[in-house]
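Undergrad: Starting off with a structure, shown below.
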Amino acid sequence: MVTFGSEHNSPMMEPIELFARNRTPLSEKLLQINYEGACVVAAHQHLVAQGLSGYVDKEGDAERAKRDEFVKLGDELISVI
């Protein structure tokens with residue numbers, strides 16, 4: 001799972017656009033990788049908040065075989081927002 005980070009210290013709720021080196025826009029492939037990572041995070045948080053097992057178990061092991069399920073659930077959760 002991959003997600004991209006940014007630092008946002010402004011109290012303004014401005015949109016954030018991530019760039020690669022030299023302010024190069026992210027490719028569609030990189031945007032997809034980032035979105036799928038965000039979906040996994042959203043699904044994990046949703047399940048754990050309900051007392052269920054998330055993407056990473058209590059031992060710190062990722063449920064890699066279930067990654068696509070987490071992407072699907074996360075996409076559904078994000079789409080509702």
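Letters for chains follow the order of the structure tokens (A, B, ...), residue numbers begin at 1 for each chain, and ligand numbers begin at 1 in the order shown.
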Applying 12 Å and only C-alpha atoms, which residues near region 32-47 of chain A remain after dropping the ones on its own chain fewer than 5 positions away? List them as a count of residues only.
TA: 33
Undergrad: Write out as a PyMOL selection string the set of residues from chain A that DSSP, computed on the backbone, places in strand (DSSP E).
TA: chain A and resi 19-20+24-25
Undergrad: Please identify the helix (DSSP H, G or I) residues within chain A (assignment by DSSP from backbone atoms) and present them as a VMD selection string.
TA: chain A and resid 21 to 23 28 to 49 64 to 80
Undergrad: Restrict the selected residues to N, CA and C atoms and save them as a tab-separated table (two decimals), in the first residue's frame.
TA:
chain	number	residue	atom	x	y	z
A	21	ARG	N	9.00	15.86	-8.43
A	21	ARG	CA	10.15	16.76	-8.44
A	21	ARG	C	10.00	17.83	-9.53
A	22	ASN	N	10.49	19.01	-9.26
A	22	ASN	CA	10.45	20.15	-10.19
A	22	ASN	C	9.01	20.54	-10.56
A	23	ARG	N	8.09	20.38	-9.61
A	23	ARG	CA	6.68	20.74	-9.79
A	23	ARG	C	6.04	20.03	-10.98
A	28	GLU	N	-1.34	9.95	-14.20
A	28	GLU	CA	-2.59	9.26	-13.86
A	28	GLU	C	-2.31	8.00	-13.05
A	29	LYS	N	-1.23	7.30	-13.39
A	29	LYS	CA	-0.87	6.07	-12.65
A	29	LYS	C	-0.54	6.41	-11.20
A	30	LEU	N	0.24	7.45	-10.96
A	30	LEU	CA	0.57	7.84	-9.59
A	30	LEU	C	-0.67	8.32	-8.83
A	31	LEU	N	-1.55	9.04	-9.50
A	31	LEU	CA	-2.79	9.47	-8.85
A	31	LEU	C	-3.64	8.27	-8.46
A	32	GLN	N	-3.68	7.24	-9.31
A	32	GLN	CA	-4.44	6.02	-9.01
A	32	GLN	C	-3.82	5.28	-7.83
A	33	ILE	N	-2.49	5.18	-7.80
A	33	ILE	CA	-1.79	4.52	-6.69
A	33	ILE	C	-2.11	5.24	-5.38
A	34	ASN	N	-2.05	6.56	-5.39
A	34	ASN	CA	-2.34	7.34	-4.19
A	34	ASN	C	-3.79	7.16	-3.76
A	35	TYR	N	-4.72	7.20	-4.71
A	35	TYR	CA	-6.14	7.07	-4.37
A	35	TYR	C	-6.42	5.70	-3.77
A	36	GLU	N	-5.88	4.65	-4.36
A	36	GLU	CA	-6.11	3.31	-3.83
A	36	GLU	C	-5.53	3.17	-2.42
A	37	GLY	N	-4.38	3.79	-2.17
A	37	GLY	CA	-3.82	3.78	-0.82
A	37	GLY	C	-4.74	4.49	0.16
A	38	ALA	N	-5.30	5.62	-0.26
A	38	ALA	CA	-6.24	6.35	0.60
A	38	ALA	C	-7.49	5.51	0.86
A	39	CYS	N	-7.92	4.75	-0.14
A	39	CYS	CA	-9.09	3.87	0.04
A	39	CYS	C	-8.81	2.81	1.10
A	40	VAL	N	-7.62	2.23	1.06
A	40	VAL	CA	-7.26	1.21	2.05
A	40	VAL	C	-7.26	1.83	3.45
A	41	VAL	N	-6.70	3.02	3.58
A	41	VAL	CA	-6.68	3.70	4.88
A	41	VAL	C	-8.10	3.98	5.36
A	42	ALA	N	-8.96	4.48	4.48
A	42	ALA	CA	-10.35	4.78	4.87
A	42	ALA	C	-11.08	3.52	5.32
A	43	ALA	N	-10.91	2.43	4.57
A	43	ALA	CA	-11.57	1.17	4.93
A	43	ALA	C	-11.04	0.65	6.26
A	44	HIS	N	-9.73	0.71	6.45
A	44	HIS	CA	-9.12	0.25	7.70
A	44	HIS	C	-9.69	1.02	8.88
A	45	GLN	N	-9.71	2.34	8.78
A	45	GLN	CA	-10.21	3.16	9.88
A	45	GLN	C	-11.68	2.87	10.16
A	46	HIS	N	-12.46	2.70	9.11
A	46	HIS	CA	-13.89	2.40	9.26
A	46	HIS	C	-14.10	1.09	10.01
A	47	LEU	N	-13.38	0.06	9.62
A	47	LEU	CA	-13.55	-1.25	10.26
A	47	LEU	C	-13.06	-1.25	11.70
A	48	VAL	N	-11.90	-0.67	11.94
A	48	VAL	CA	-11.33	-0.64	13.29
A	48	VAL	C	-12.23	0.17	14.23
A	49	ALA	N	-12.83	1.25	13.73
A	49	ALA	CA	-13.73	2.06	14.56
A	49	ALA	C	-14.94	1.25	15.01
A	64	ARG	N	-2.56	-8.40	2.92
A	64	ARG	CA	-2.30	-8.09	1.51
A	64	ARG	C	-3.23	-8.83	0.55
A	65	ALA	N	-3.62	-10.04	0.90
A	65	ALA	CA	-4.52	-10.81	0.03
A	65	ALA	C	-5.90	-10.16	-0.08
A	66	LYS	N	-6.24	-9.30	0.88
A	66	LYS	CA	-7.55	-8.65	0.89
A	66	LYS	C	-7.48	-7.19	0.43
A	67	ARG	N	-6.36	-6.80	-0.14
A	67	ARG	CA	-6.16	-5.40	-0.53
A	67	ARG	C	-7.28	-4.89	-1.43
A	68	ASP	N	-7.65	-5.66	-2.44
A	68	ASP	CA	-8.70	-5.21	-3.38
A	68	ASP	C	-10.03	-4.99	-2.67
A	69	GLU	N	-10.33	-5.82	-1.66
A	69	GLU	CA	-11.56	-5.64	-0.89
A	69	GLU	C	-11.52	-4.32	-0.12
A	70	PHE	N	-10.34	-3.99	0.42
A	70	PHE	CA	-10.20	-2.74	1.16
A	70	PHE	C	-10.29	-1.54	0.23
A	71	VAL	N	-9.72	-1.66	-0.97
A	71	VAL	CA	-9.81	-0.58	-1.95
A	71	VAL	C	-11.28	-0.35	-2.31
A	72	LYS	N	-12.02	-1.42	-2.55
A	72	LYS	CA	-13.44	-1.30	-2.92
A	72	LYS	C	-14.26	-0.65	-1.80
A	73	LEU	N	-14.09	-1.15	-0.57
A	73	LEU	CA	-14.82	-0.57	0.56
A	73	LEU	C	-14.44	0.89	0.75
A	74	GLY	N	-13.15	1.19	0.71
A	74	GLY	CA	-12.71	2.57	0.88
A	74	GLY	C	-13.26	3.49	-0.18
A	75	ASP	N	-13.31	3.01	-1.43
A	75	ASP	CA	-13.87	3.81	-2.52
A	75	ASP	C	-15.35	4.11	-2.25
A	76	GLU	N	-16.08	3.10	-1.78
A	76	GLU	CA	-17.49	3.31	-1.44
A	76	GLU	C	-17.65	4.33	-0.32
A	77	LEU	N	-16.79	4.23	0.69
A	77	LEU	CA	-16.87	5.17	1.81
A	77	LEU	C	-16.54	6.59	1.37
A	78	ILE	N	-15.50	6.74	0.57
A	78	ILE	CA	-15.08	8.06	0.11
A	78	ILE	C	-16.14	8.66	-0.81
A	79	SER	N	-16.76	7.83	-1.63
A	79	SER	CA	-17.78	8.32	-2.58
A	79	SER	C	-19.00	8.89	-1.87
A	80	VAL	N	-19.26	8.45	-0.65
A	80	VAL	CA	-20.40	8.93	0.12
A	80	VAL	C	-20.17	10.35	0.62
Undergrad: Separation of CA of His8 (chain A) and CA of Gln50 (chain A), in Å?
TA: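 Going from CA of His8 (chain A) over to CA of Gln50 (chain A), I get 29.0 Å.
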